[in-house]
>>> print(open('data-v3.txt').read())   # compact mmCIF, C-alpha atoms and all ligand atoms
# COMPACT_ATOMS: atom_id res chain seq x y z
CA MET A 151 4.61 -28.18 24.07
CA GLN A 152 3.81 -27.89 20.41
CA ILE A 153 4.08 -24.35 19.16
CA GLY A 154 1.03 -23.26 17.15
CA HIS A 155 1.55 -19.61 16.23
CA VAL A 156 4.02 -16.87 16.98
CA PHE A 157 2.62 -13.36 17.48
CA LEU A 158 4.90 -10.47 18.46
CA GLY A 159 7.42 -12.93 19.87
CA LEU A 160 4.80 -14.81 21.93
CA SER A 161 4.22 -18.48 21.26
CA LEU A 162 0.58 -19.46 21.20
CA PRO A 163 -0.55 -23.06 21.70
CA GLU A 164 -2.38 -25.07 19.07
CA PRO A 165 -6.21 -25.17 19.40
CA VAL A 166 -7.32 -27.43 22.28
CA GLU A 167 -9.84 -30.16 21.58
CA GLY A 168 -13.30 -29.15 22.79
CA LYS A 169 -12.46 -25.42 22.62
CA LYS A 170 -11.72 -25.37 18.91
CA PRO A 171 -14.19 -22.67 17.77
CA TYR A 172 -12.77 -20.13 20.22
CA PHE A 173 -9.18 -20.90 19.33
CA ASP A 174 -9.97 -21.03 15.65
CA LYS A 175 -11.51 -17.57 15.86
CA LEU A 176 -8.67 -16.23 17.95
CA SER A 177 -6.18 -17.75 15.60
CA ALA A 178 -7.88 -16.21 12.55
CA ARG A 179 -7.85 -12.77 14.16
CA LEU A 180 -4.22 -13.11 15.17
CA GLN A 181 -3.29 -14.34 11.73
CA ALA A 182 -4.90 -11.25 10.16
CA LYS A 183 -3.00 -9.01 12.57
CA VAL A 184 0.31 -10.75 11.98
CA LEU A 185 -0.26 -10.38 8.23
CA LEU A 186 -1.03 -6.70 8.68
CA LEU A 187 2.10 -6.11 10.76
CA LYS A 188 4.09 -8.05 8.20
CA ASN A 189 2.65 -5.80 5.47
CA LEU A 190 3.30 -2.60 7.32
CA CYS A 191 6.81 -3.65 8.26
CA GLY A 192 7.77 -4.34 4.67
CA LEU A 193 8.50 -8.02 5.26
CA PRO A 194 9.08 -10.78 4.14
CA ILE A 195 12.65 -10.76 5.29
CA HIS A 196 13.87 -13.05 2.48
CA ASN A 197 13.28 -10.24 0.05
CA ILE A 198 15.43 -7.84 2.05
CA ILE A 199 18.19 -10.42 2.05
CA ASN A 200 17.79 -10.93 -1.70
CA GLN A 201 18.21 -7.23 -2.26
CA SER A 202 21.46 -7.14 -0.33
CA THR A 203 22.96 -9.92 -2.43
CA TYR A 204 22.91 -8.18 -5.82
CA THR A 205 26.10 -8.71 -7.80
CA MET A 206 27.86 -6.10 -10.14
CA GLY A 207 26.33 -4.80 -13.34
CA MET A 208 23.37 -2.43 -12.90
CA ASP A 209 22.26 0.80 -11.25
CA VAL A 210 20.00 1.00 -8.22
CA PHE A 211 19.01 3.95 -6.07
CA THR A 212 19.62 3.31 -2.40
CA PHE A 213 19.98 5.20 0.89
CA ASN A 214 21.62 4.53 4.22
CA LYS A 215 20.21 7.32 6.35
CA TYR A 216 16.56 8.07 7.22
CA GLY A 217 15.18 11.53 6.62
CA SER A 218 15.02 13.22 3.26
CA ALA A 219 15.18 12.35 -0.44
CA ASP A 220 18.66 13.97 -0.50
CA ASN A 221 19.95 10.77 1.11
CA LEU A 222 19.29 8.78 -2.07
CA TYR A 223 22.25 7.91 -4.26
CA ILE A 224 22.97 5.65 -7.24
CA LYS A 225 24.97 2.52 -6.55
CA LYS A 226 26.40 0.06 -9.10
CA VAL A 227 25.57 -3.50 -8.10
CA GLU A 228 25.55 -6.86 -9.83
CA LYS A 229 22.62 -7.83 -11.97
CA PRO A 230 20.61 -10.30 -9.87
CA THR A 231 20.19 -13.96 -10.82
CA PRO A 232 16.75 -15.54 -10.38
CA ALA A 233 16.32 -18.34 -7.85
CA ALA A 234 14.50 -21.50 -9.03
CA ASP A 235 11.04 -19.99 -8.44
CA GLN A 236 11.88 -16.42 -9.48
CA LEU A 237 11.74 -14.31 -12.63
CA LEU A 238 14.36 -11.81 -13.71
CA ILE A 239 12.51 -8.67 -14.80
CA LYS A 240 13.87 -5.76 -16.77
CA VAL A 241 12.12 -2.87 -15.06
CA ILE A 242 10.48 -0.42 -17.45
CA ALA A 243 8.72 1.66 -14.80
CA THR A 244 8.37 1.70 -11.03
CA SER A 245 6.03 3.71 -8.85
CA PHE A 246 6.04 5.01 -5.29
CA ASN A 247 3.43 4.72 -2.57
CA GLY A 248 3.04 5.92 1.00
CA SER A 249 5.17 2.92 2.04
CA ASP A 250 8.19 4.33 0.12
CA LYS A 251 7.75 7.70 1.82
CA GLU A 252 7.57 6.02 5.22
CA MET A 253 10.70 3.90 4.59
CA LEU A 254 12.64 6.95 3.45
CA ARG A 255 11.53 8.92 6.51
CA GLY A 256 11.87 5.99 8.92
CA SER A 257 8.45 6.89 10.28
CA PRO A 258 6.02 5.55 11.53
CA LEU A 259 8.19 3.24 13.61
CA TYR A 260 7.09 0.10 11.72
CA ALA A 261 8.97 1.45 8.69
CA ARG A 262 12.24 0.80 10.60
CA ILE A 263 11.77 -2.91 11.13
CA GLY A 264 14.86 -4.58 9.74
CA GLY A 265 16.89 -1.36 10.14
CA PHE A 266 16.05 0.36 13.40
CA ILE A 267 18.94 2.85 13.53
CA ARG A 268 19.61 3.09 9.80
CA PRO A 269 18.19 1.56 6.63
CA LYS A 270 20.09 -1.46 5.30
CA SER A 271 20.87 -0.07 1.84
CA TRP A 272 17.24 -0.59 0.88
CA VAL A 273 16.08 0.06 -2.66
CA LEU A 274 12.73 1.86 -2.79
CA GLY A 275 10.08 1.36 -5.48
CA SER A 276 7.10 -0.65 -4.29
CA ASP A 277 5.50 -1.44 -7.66
CA ILE A 278 6.97 -2.43 -11.02
CA ALA A 279 6.06 -2.99 -14.64
CA GLY A 280 8.57 -4.65 -16.92
CA VAL A 281 9.55 -7.51 -19.20
CA VAL A 282 10.59 -11.04 -18.19
CA GLU A 283 14.22 -11.54 -19.17
CA ALA A 284 14.83 -14.95 -17.58
CA THR A 285 12.98 -17.48 -15.45
CA GLY A 286 14.06 -19.96 -12.78
CA PRO A 287 13.59 -23.66 -13.63
CA THR A 288 10.39 -24.13 -11.59
CA VAL A 289 8.55 -21.11 -13.04
CA THR A 290 5.64 -22.27 -15.18
CA HIS A 291 3.21 -19.36 -15.57
CA PHE A 292 5.56 -16.88 -17.23
CA LYS A 293 8.04 -16.99 -20.09
CA VAL A 294 10.82 -14.79 -21.41
CA GLY A 295 9.36 -11.74 -23.16
CA ASP A 296 6.13 -11.57 -21.11
CA GLU A 297 5.12 -8.07 -20.07
CA VAL A 298 4.26 -8.12 -16.37
CA TYR A 299 3.37 -5.85 -13.47
CA GLY A 300 2.89 -6.18 -9.73
CA GLU A 301 3.98 -5.28 -6.24
CA MET A 302 7.50 -5.96 -5.04
CA ALA A 303 7.51 -8.43 -2.13
CA GLY A 304 8.26 -6.44 1.00
CA TYR A 305 7.34 -3.19 -0.83
CA ARG A 306 10.81 -2.37 -2.06
CA GLY A 307 13.37 -3.07 -4.75
CA GLY A 308 11.79 -1.51 -7.88
CA LEU A 309 14.12 1.46 -8.26
CA ALA A 310 16.61 -0.73 -10.09
CA GLU A 311 17.29 -1.72 -13.68
CA TYR A 312 16.51 -5.38 -12.91
CA VAL A 313 14.70 -7.21 -10.14
CA CYS A 314 14.22 -10.85 -9.23
CA ILE A 315 10.80 -11.69 -7.89
CA LYS A 316 8.52 -14.70 -7.49
CA GLY A 317 5.74 -14.93 -10.06
CA ASP A 318 2.89 -15.16 -7.54
CA LEU A 319 2.82 -11.38 -7.06
CA LEU A 320 2.84 -10.65 -10.77
CA ALA A 321 0.19 -10.52 -13.46
CA LYS A 322 0.58 -10.32 -17.23
CA LYS A 323 0.19 -6.73 -18.36
CA PRO A 324 -2.77 -6.25 -20.69
CA ALA A 325 -1.65 -4.90 -24.07
CA ASP A 326 -4.02 -1.92 -23.68
CA LEU A 327 -2.39 -0.83 -20.42
CA SER A 328 0.80 1.21 -20.81
CA PHE A 329 3.86 0.33 -18.70
CA ILE A 330 3.46 3.67 -16.91
CA ASP A 331 -0.19 3.01 -15.99
CA ALA A 332 0.62 -0.59 -15.10
CA ALA A 333 3.37 0.51 -12.70
CA ALA A 334 0.90 2.87 -11.02
CA MET A 335 -1.70 0.21 -10.30
CA PRO A 336 -0.52 -2.52 -7.92
CA GLN A 337 -0.27 -1.37 -4.29
CA ALA A 338 -2.56 1.65 -4.47
CA GLY A 339 -5.12 -0.20 -6.60
CA THR A 340 -5.10 -3.13 -4.17
CA ILE A 341 -5.64 -0.87 -1.15
CA ALA A 342 -8.61 0.77 -2.88
CA TYR A 343 -10.07 -2.56 -4.02
CA ARG A 344 -9.80 -4.11 -0.56
CA GLY A 345 -11.00 -0.98 1.25
CA ILE A 346 -13.94 -0.12 -0.98
CA ILE A 347 -15.07 -3.49 -2.32
CA THR A 348 -13.75 -6.56 -0.47
CA GLU A 349 -14.04 -5.28 3.10
CA ALA A 350 -16.74 -2.60 2.89
CA ASP A 351 -18.85 -3.64 -0.10
CA VAL A 352 -19.75 -0.01 -0.84
CA GLN A 353 -23.22 0.44 -2.31
CA ALA A 354 -24.88 3.23 -4.29
CA GLY A 355 -26.20 6.00 -2.07
CA GLN A 356 -23.77 5.37 0.81
CA ASN A 357 -21.74 8.15 2.38
CA VAL A 358 -18.02 7.45 2.14
CA LEU A 359 -15.22 9.53 3.61
CA ILE A 360 -11.66 8.92 2.46
CA ASN A 361 -9.00 10.44 4.69
CA GLY A 362 -5.75 10.96 2.78
CA ALA A 363 -7.71 10.81 -0.47
CA GLY A 364 -5.25 12.88 -2.53
CA GLY A 365 -2.43 10.32 -2.30
CA ALA A 366 -1.73 7.02 -4.06
CA GLY A 367 -4.39 4.70 -2.60
CA GLY A 368 -6.88 7.54 -2.10
CA SER A 369 -6.89 8.57 -5.76
CA PHE A 370 -8.05 5.07 -6.74
CA ALA A 371 -10.45 4.81 -3.78
CA ILE A 372 -12.33 8.03 -4.63
CA GLN A 373 -12.85 6.91 -8.22
CA LEU A 374 -13.95 3.41 -7.24
CA ALA A 375 -16.42 4.60 -4.59
CA LYS A 376 -17.87 7.14 -7.05
CA HIS A 377 -18.15 4.50 -9.75
CA LEU A 378 -20.18 2.36 -7.30
CA GLY A 379 -22.56 5.26 -6.72
CA ALA A 380 -21.42 6.50 -3.30
CA THR A 381 -21.31 10.13 -2.20
CA VAL A 382 -17.64 10.77 -1.45
CA THR A 383 -15.90 13.21 0.85
CA GLY A 384 -12.15 13.53 0.30
CA VAL A 385 -9.79 14.79 3.00
CA ASP A 386 -6.20 15.85 2.37
CA ASN A 387 -3.87 18.85 2.44
CA GLU A 388 -4.57 22.20 0.73
CA HIS A 389 -2.54 21.31 -2.41
CA LYS A 390 -4.74 18.30 -3.15
CA LEU A 391 -8.24 19.77 -2.80
CA ASP A 392 -8.89 20.51 -6.49
CA PHE A 393 -7.31 17.19 -7.41
CA MET A 394 -9.73 15.27 -5.16
CA THR A 395 -12.63 17.08 -6.84
CA SER A 396 -11.22 16.10 -10.24
CA MET A 397 -11.18 12.45 -9.08
CA GLY A 398 -14.90 12.76 -8.35
CA ALA A 399 -15.13 13.78 -4.68
CA ASP A 400 -18.48 15.48 -3.94
CA SER A 401 -17.01 17.43 -1.04
CA ILE A 402 -13.51 18.08 0.18
CA ILE A 403 -11.87 18.91 3.50
CA ASP A 404 -8.43 20.38 4.18
CA TYR A 405 -7.16 18.26 7.06
CA LYS A 406 -5.09 21.12 8.41
CA LYS A 407 -8.17 23.36 8.69
CA GLU A 408 -11.05 21.08 9.59
CA ASP A 409 -11.36 17.91 11.64
CA PHE A 410 -13.77 15.54 9.85
CA ALA A 411 -14.41 13.78 13.15
CA GLN A 412 -15.72 16.98 14.75
CA ASN A 413 -18.04 18.34 12.06
CA GLY A 414 -21.14 16.38 13.05
CA GLN A 415 -21.28 14.33 9.81
CA GLN A 416 -21.65 10.55 9.86
CA TYR A 417 -20.44 8.12 7.23
CA ASP A 418 -21.20 4.54 6.22
CA LEU A 419 -17.52 4.02 5.49
CA ILE A 420 -14.43 5.90 6.57
CA LEU A 421 -11.36 4.65 4.73
CA ASP A 422 -8.39 6.18 6.53
CA LEU A 423 -5.11 6.15 4.66
CA PHE A 424 -3.38 7.73 7.65
CA GLY A 425 -5.26 7.02 10.86
CA THR A 426 -4.31 9.43 13.61
CA ARG A 427 -7.55 9.48 15.61
CA ALA A 428 -8.57 7.36 18.59
CA PRO A 429 -10.93 4.45 17.76
CA LYS A 430 -13.76 5.92 19.87
CA THR A 431 -13.49 9.25 18.05
CA VAL A 432 -13.83 7.71 14.60
CA ALA A 433 -16.63 5.42 15.80
CA ALA A 434 -18.65 8.53 16.67
CA SER A 435 -18.37 9.68 13.04
CA LEU A 436 -19.90 6.44 11.73
CA ALA A 437 -23.55 5.88 10.89
CA ALA A 438 -25.25 2.88 12.55
CA ASP A 439 -23.59 -0.30 11.17
CA GLY A 440 -20.84 1.90 9.71
CA THR A 441 -17.28 0.75 9.06
CA TYR A 442 -13.98 2.47 9.78
CA LEU A 443 -10.88 0.97 8.16
CA ALA A 444 -7.42 2.36 8.90
CA VAL A 445 -4.83 1.49 6.28
CA GLY A 446 -1.76 3.02 7.93
CA GLY A 447 -0.88 5.39 10.76
CA PRO A 448 1.19 5.75 13.93
CA VAL A 449 1.96 2.49 15.77
CA ARG A 450 0.16 3.72 18.91
CA ARG A 451 -3.11 4.06 16.94
CA ILE A 452 -2.68 0.71 15.24
CA LEU A 453 -2.25 -1.01 18.61
CA GLN A 454 -5.31 0.81 19.98
CA LEU A 455 -7.37 -0.44 17.07
CA PHE A 456 -6.18 -4.01 17.70
CA MET A 457 -7.16 -3.74 21.37
CA GLN A 458 -10.49 -1.93 21.02
CA GLU A 459 -12.16 -3.23 17.86
CA GLN A 460 -14.02 -6.07 19.60
CA ARG A 461 -15.29 -3.84 22.42
CA ILE A 462 -16.52 -1.13 20.05
CA GLN A 463 -18.20 -3.68 17.80
CA LYS A 464 -20.03 -5.22 20.78
CA SER A 465 -21.15 -1.95 22.32
CA SER A 466 -22.11 -0.02 19.15
CA GLY A 467 -22.41 -2.50 16.29
CA LYS A 468 -19.88 -0.42 14.38
CA ARG A 469 -16.76 -1.91 12.87
CA VAL A 470 -13.58 -0.02 13.69
CA SER A 471 -10.47 -1.87 12.59
CA MET A 472 -7.28 -2.00 10.57
CA LEU A 473 -7.51 -2.98 6.92
CA THR A 474 -5.23 -5.87 6.06
CA VAL A 475 -4.06 -5.69 2.46
CA PRO A 476 -2.19 -8.87 1.52
CA GLN A 477 0.16 -8.53 -1.44
CA ASN A 478 -1.42 -10.45 -4.29
CA HIS A 479 -2.01 -10.23 -8.03
CA GLU A 480 -5.73 -11.11 -8.05
CA ASP A 481 -6.81 -7.74 -6.62
CA VAL A 482 -4.50 -5.94 -9.05
CA VAL A 483 -6.10 -7.75 -11.96
CA ALA A 484 -9.63 -7.03 -10.65
CA MET A 485 -8.81 -3.36 -10.23
CA THR A 486 -7.22 -3.21 -13.68
CA GLN A 487 -10.49 -4.41 -15.18
CA PHE A 488 -12.15 -1.17 -13.97
CA VAL A 489 -9.43 0.72 -15.83
CA LEU A 490 -9.79 -1.34 -19.01
CA ASP A 491 -13.57 -0.84 -18.87
CA GLY A 492 -13.02 2.92 -18.65
CA HIS A 493 -14.54 3.38 -15.17
CA ILE A 494 -11.39 4.61 -13.45
CA LYS A 495 -7.99 5.88 -14.52
CA PRO A 496 -4.64 5.77 -12.73
CA ALA A 497 -4.05 9.37 -11.64
CA ILE A 498 -0.43 10.02 -12.47
CA ASP A 499 0.98 13.19 -11.00
CA ARG A 500 4.24 13.05 -12.97
CA VAL A 501 6.55 10.61 -14.68
CA PHE A 502 10.18 11.13 -13.65
CA GLU A 503 13.34 9.80 -15.29
CA PHE A 504 15.43 7.27 -13.34
CA ASN A 505 18.07 9.83 -12.31
CA GLU A 506 15.29 12.14 -11.05
CA ALA A 507 14.16 9.66 -8.38
CA PRO A 508 15.26 11.95 -5.50
CA GLN A 509 13.11 14.79 -6.90
CA ALA A 510 10.21 12.37 -7.33
CA LEU A 511 10.37 11.23 -3.71
CA GLY A 512 11.02 14.80 -2.56
CA ARG A 513 7.73 15.82 -4.20
CA MET A 514 5.92 13.15 -2.20
CA LEU A 515 7.64 14.12 1.04
CA ASP A 516 6.71 17.78 0.45
CA GLY A 517 3.03 16.80 0.28
CA LEU A 518 2.69 17.86 -3.38
CA ALA A 519 2.15 14.56 -5.21
CA LEU A 520 -1.36 14.24 -6.63
CA GLY A 521 -2.14 10.54 -6.83
CA LYS A 522 0.74 8.48 -8.16
CA ILE A 523 4.38 9.23 -8.89
CA VAL A 524 5.96 7.00 -11.53
CA VAL A 525 9.64 6.67 -12.47
CA LYS A 526 10.57 5.52 -15.97
CA VAL A 527 13.53 3.22 -15.49
CA SER A 528 14.18 2.19 -19.08
CA ASP A 529 12.52 2.32 -22.49
CA GLY A 530 9.68 -0.12 -23.00
N1 LIG A 601 -2.77 -2.15 5.85
C1 LIG A 601 -1.98 -2.72 4.97
O1 LIG A 601 -1.92 -3.96 4.84
C2 LIG A 601 -1.12 -1.84 4.11
C3 LIG A 601 -0.54 -2.31 2.93
C4 LIG A 601 0.19 -1.43 2.15
C5 LIG A 601 0.34 -0.10 2.54
N2 LIG A 601 -0.21 0.34 3.69
C6 LIG A 601 -0.14 1.74 4.16
O2 LIG A 601 -1.11 2.48 3.46
C7 LIG A 601 -0.89 3.86 3.79
C8 LIG A 601 -1.39 4.77 2.70
O3 LIG A 601 -0.74 4.53 1.49
P1 LIG A 601 -0.75 5.54 0.27
O4 LIG A 601 0.18 4.92 -0.72
O5 LIG A 601 -2.11 5.92 -0.15
O6 LIG A 601 -0.05 6.83 0.93
P2 LIG A 601 0.13 8.30 0.35
O7 LIG A 601 0.24 8.31 -1.12
O8 LIG A 601 1.24 8.91 1.14
O9 LIG A 601 -1.25 8.99 0.73
C9 LIG A 601 -1.56 9.34 2.03
C10 LIG A 601 -2.21 10.69 2.00
O10 LIG A 601 -2.59 11.03 3.34
C11 LIG A 601 -2.31 12.40 3.53
N3 LIG A 601 -2.19 12.68 4.97
C12 LIG A 601 -1.09 12.71 5.75
N4 LIG A 601 -1.44 13.04 7.01
C13 LIG A 601 -2.78 13.21 7.00
C14 LIG A 601 -3.72 13.57 7.98
N5 LIG A 601 -3.34 13.81 9.25
N6 LIG A 601 -5.01 13.67 7.63
C15 LIG A 601 -5.41 13.42 6.36
N7 LIG A 601 -4.57 13.08 5.37
C16 LIG A 601 -3.26 12.98 5.69
C17 LIG A 601 -1.01 12.58 2.80
O11 LIG A 601 -0.81 13.95 2.58
P3 LIG A 601 0.59 14.66 2.87
O12 LIG A 601 1.25 14.62 1.54
O13 LIG A 601 0.20 16.00 3.34
O14 LIG A 601 1.34 13.86 3.91
C18 LIG A 601 -1.26 11.79 1.52
O15 LIG A 601 -1.90 12.56 0.53
C19 LIG A 601 0.60 3.93 4.12
O16 LIG A 601 0.71 4.25 5.49
C20 LIG A 601 1.12 2.50 3.88
O17 LIG A 601 2.14 2.10 4.76
C21 LIG A 601 -0.96 -0.51 4.47
>>> encode(input="data-v3.txt", output="structure tokens", more="lines below")
Ligand SMILES: NC(=O)c1ccc[n+]([C@@H]2O[C@H](COP(=O)([O-])OP(=O)(O)OC[C@H]3O[C@@H](n4cnc5c(N)ncnc54)[C@H](OP(=O)(O)O)[C@@H]3O)[C@@H](O)[C@H]2O)c1
Amino acid sequence: MQIGHVFLGLSLPEPVEGKKPYFDKLSARLQAKVLLLKNLCGLPIHNIINQSTYTMGMDVFTFNKYGSADNLYIKKVEKPTPAADQLLIKVIATSFNGSDKEMLRGSPLYARIGGFIRPKSWVLGSDIAGVVEATGPTVTHFKVGDEVYGEMAGYRGGLAEYVCIKGDLLAKKPADLSFIDAAAMPQAGTIAYRGIITEADVQAGQNVLINGAGGAGGSFAIQLAKHLGATVTGVDNEHKLDFMTSMGADSIIDYKKEDFAQNGQQYDLILDLFGTRAPKTVAASLAADGTYLAVGGPVRRILQLFMQEQRIQKSSGKRVSMLTVPQNHEDVVAMTQFVLDGHIKPAIDRVFEFNEAPQALGRMLDGLALGKIVVKVSDG
């Protein structure tokens, strides 16, 4: 039998003639879910392998035990050599996102894929901004000396003096965007762009709730939704309440004191950066035709969303699903345009020096980071 798709280890047959629309639809849904799992798990695997084949000559921060930022240590490794389709980038700045926090903690469980018991000497740093130092022979869109920024494939590797990465995830850094701001943009900006614009098409006058709004993706999402004319409620911990207001939130909720799903309010969009609630519970907090999009959260909740989204959509007309955020440079560029036009601004909590990376990640783990944490790796 010809193998069509592989989903969670199951082989699915190719579409059967005469039943094509059904299989096409099924296949599209499965493809989106596989992509999402791939995103959340920090794949693709080839990138993890690349990172373990560095050769001597530069500093990286790594860790081989899950838990706290104290497990991070500097390791001397070889400067990487670009493959035919890769660029060698001198990293000027890298930034952290929720995905770095999750990989350091080893939680939720998807963060352990590729290193279930212990991390495999992973290098954190999900976004980078830097300068092209060399290119592989098949690279055509970039040249030595170009200033670039983007997400690291597999969400890691940036906390290093040099990285090798394919050009498809990178964009040329606009001259008006600093390396620090550029490093803050990619993953968090893409989540906000996909969650607020691509998937939800937020309109003026709509009620939007952003759960986890004081973190990396949330800080961009609040600003974007406000810029589009929505009324925004931000939910996060007590340390981030004033910050969410400063980003433009009209009202704020401390998630440890109030449950947004129990306060009787209904929203046109709930963008959930850390989805802990059952799909039926969040559906009840949506207005008619409302949309709930979970970006991350415990595996149990993600699986529930996969299983229940169709049923909820049929019975209530509400969309309750996971948001798939493919790594790409187009969304980063689109989001950057809002920055260049002066509509939003990367919210940078602090810029740390390279050797302060453990403190930087510790600040995130302690729930204190307001928006983005950036690490300056070298002088730009
Ligand atoms: N779907 C995809 O394709 C895709 C792609 C990339 C990334 N992601 C995921 O996106 C998620 C969010 O990323 P991010 O960079 O914005 O993370 P982040 O910077 O850690 O922000 C998450 C925020 O949520 C808050 N939070 C934690 N528990 C909460 C709760 N129970 N209720 C309300 N807020 C809570 C956190 O506060 P504390 O500091 O108190 O914890 C933090 O401020 C991550 O899980 C990441 O893995 C998904």
>>> atom_distance(input="data-v3.txt", atom1="CA of Met457 (chain A)", atom2="atom O11 of ligand LIG 601 (chain A)")
26.6 Å
>>> atom_distance(input="data-v3.txt", atom1="CA of Ile239 (chain A)", atom2="CA of Val273 (chain A)")
15.4 Å
>>> closest_atom_pairs(input="data-v3.txt", of="chain A", to="ligand LIG 601 (chain A)", cutoff="6 Å", atoms="all atoms listed in the file", output="CSV")
residue,atom,partner,partner_atom,distance
A:Leu186,CA,A:LIG601,O1,4.8
A:Asn189,CA,A:LIG601,O1,5.0
A:Leu190,CA,A:LIG601,O17,5.5
A:Asn247,CA,A:LIG601,O4,3.7
A:Gly248,CA,A:LIG601,O6,3.2
A:Ser249,CA,A:LIG601,O17,4.2
A:Ala338,CA,A:LIG601,O4,5.7
A:Asn361,CA,A:LIG601,C15,5.0
A:Gly362,CA,A:LIG601,O10,3.2
A:Gly364,CA,A:LIG601,O15,4.5
A:Gly365,CA,A:LIG601,O9,3.5
A:Ala366,CA,A:LIG601,O7,3.8
A:Gly367,CA,A:LIG601,O5,3.6
A:Gly368,CA,A:LIG601,O5,5.4
A:Val385,CA,A:LIG601,C15,5.7
A:Asp386,CA,A:LIG601,N7,4.4
A:Asn387,CA,A:LIG601,O13,5.0
A:Tyr405,CA,A:LIG601,N6,5.1
A:Leu423,CA,A:LIG601,C8,4.4
A:Phe424,CA,A:LIG601,O10,5.5
A:Val445,CA,A:LIG601,N1,4.2
A:Gly446,CA,A:LIG601,O16,3.7
A:Gly447,CA,A:LIG601,O16,5.6
A:Leu473,CA,A:LIG601,N1,4.9
A:Thr474,CA,A:LIG601,O1,4.0
A:Val475,CA,A:LIG601,O1,3.6
A:Pro476,CA,A:LIG601,O1,5.9
A:Gly517,CA,A:LIG601,O12,3.1
>>> residues_around(input="data-v3.txt", residues="region 215-227 of chain A", least_positions_apart="2", cutoff="12 Å", atoms="all atoms listed in the file", output="compact mmCIF listing (two decimals) with C-alpha atoms, keeping the file's coordinate frame")
# COMPACT_ATOMS: atom_id res chain seq x y z
CA GLN A 201 18.21 -7.23 -2.26
CA SER A 202 21.46 -7.14 -0.33
CA THR A 203 22.96 -9.92 -2.43
CA TYR A 204 22.91 -8.18 -5.82
CA THR A 205 26.10 -8.71 -7.80
CA MET A 206 27.86 -6.10 -10.14
CA GLY A 207 26.33 -4.80 -13.34
CA MET A 208 23.37 -2.43 -12.90
CA ASP A 209 22.26 0.80 -11.25
CA VAL A 210 20.00 1.00 -8.22
CA PHE A 211 19.01 3.95 -6.07
CA THR A 212 19.62 3.31 -2.40
CA PHE A 213 19.98 5.20 0.89
CA LYS A 229 22.62 -7.83 -11.97
CA PRO A 230 20.61 -10.30 -9.87
CA ASP A 250 8.19 4.33 0.12
CA LYS A 251 7.75 7.70 1.82
CA GLU A 252 7.57 6.02 5.22
CA MET A 253 10.70 3.90 4.59
CA LEU A 254 12.64 6.95 3.45
CA ARG A 255 11.53 8.92 6.51
CA GLY A 256 11.87 5.99 8.92
CA SER A 257 8.45 6.89 10.28
CA PRO A 258 6.02 5.55 11.53
CA LEU A 259 8.19 3.24 13.61
CA ALA A 261 8.97 1.45 8.69
CA ARG A 262 12.24 0.80 10.60
CA GLY A 265 16.89 -1.36 10.14
CA PHE A 266 16.05 0.36 13.40
CA ILE A 267 18.94 2.85 13.53
CA ARG A 268 19.61 3.09 9.80
CA PRO A 269 18.19 1.56 6.63
CA LYS A 270 20.09 -1.46 5.30
CA SER A 271 20.87 -0.07 1.84
CA TRP A 272 17.24 -0.59 0.88
CA VAL A 273 16.08 0.06 -2.66
CA LEU A 274 12.73 1.86 -2.79
CA LEU A 309 14.12 1.46 -8.26
CA ALA A 310 16.61 -0.73 -10.09
CA GLU A 311 17.29 -1.72 -13.68
CA TYR A 312 16.51 -5.38 -12.91
CA VAL A 313 14.70 -7.21 -10.14
CA PHE A 504 15.43 7.27 -13.34
CA ASN A 505 18.07 9.83 -12.31
CA GLU A 506 15.29 12.14 -11.05
CA ALA A 507 14.16 9.66 -8.38
CA PRO A 508 15.26 11.95 -5.50
CA GLN A 509 13.11 14.79 -6.90
CA ALA A 510 10.21 12.37 -7.33
CA LEU A 511 10.37 11.23 -3.71
CA GLY A 512 11.02 14.80 -2.56
CA ARG A 513 7.73 15.82 -4.20
CA MET A 514 5.92 13.15 -2.20
CA LEU A 515 7.64 14.12 1.04
CA ASP A 516 6.71 17.78 0.45
>>> residues_around(input="data-v3.txt", residues="region 322-336 of chain A", least_positions_apart="4", cutoff="7 Å", atoms="all atoms listed in the file", output="list in words")
Ile242, Ala243, Thr244, Ser245, Asp277, Ile278, Ala279, Asp296, Glu297, Val298, Tyr299, Gly300, Glu301, Thr340, Val482, Pro496, Lys522 and Val524 of chain A
>>> atom_distance(input="data-v3.txt", atom1="CA of Val501 (chain A)", atom2="CA of Val294 (chain A)")
26.6 Å
>>> residues_around(input="data-v3.txt", residues="region 449-453 of chain A", least_positions_apart="3", cutoff="9 Å", atoms="all atoms listed in the file", output="JSON list (two decimals) with C-alpha atoms, in the coordinates of the input")
[["chain", "number", "residue", "atom", "x", "y", "z"],
["A", 258, "PRO", "CA", 6.02, 5.55, 11.53],
["A", 259, "LEU", "CA", 8.19, 3.24, 13.61],
["A", 260, "TYR", "CA", 7.09, 0.10, 11.72],
["A", 425, "GLY", "CA", -5.26, 7.02, 10.86],
["A", 426, "THR", "CA", -4.31, 9.43, 13.61],
["A", 427, "ARG", "CA", -7.55, 9.48, 15.61],
["A", 428, "ALA", "CA", -8.57, 7.36, 18.59],
["A", 429, "PRO", "CA", -10.93, 4.45, 17.76],
["A", 444, "ALA", "CA", -7.42, 2.36, 8.90],
["A", 446, "GLY", "CA", -1.76, 3.02, 7.93],
["A", 456, "PHE", "CA", -6.18, -4.01, 17.70],
["A", 457, "MET", "CA", -7.16, -3.74, 21.37],
["A", 458, "GLN", "CA", -10.49, -1.93, 21.02],
["A", 471, "SER", "CA", -10.47, -1.87, 12.59],
["A", 472, "MET", "CA", -7.28, -2.00, 10.57]]
>>> closest_residue(input="data-v3.txt", among="A:Pro448, A:Gly286, A:Gly307, A:Gly414", to="Phe246 (chain A)", atoms="all atoms listed in the file")
A:Gly307
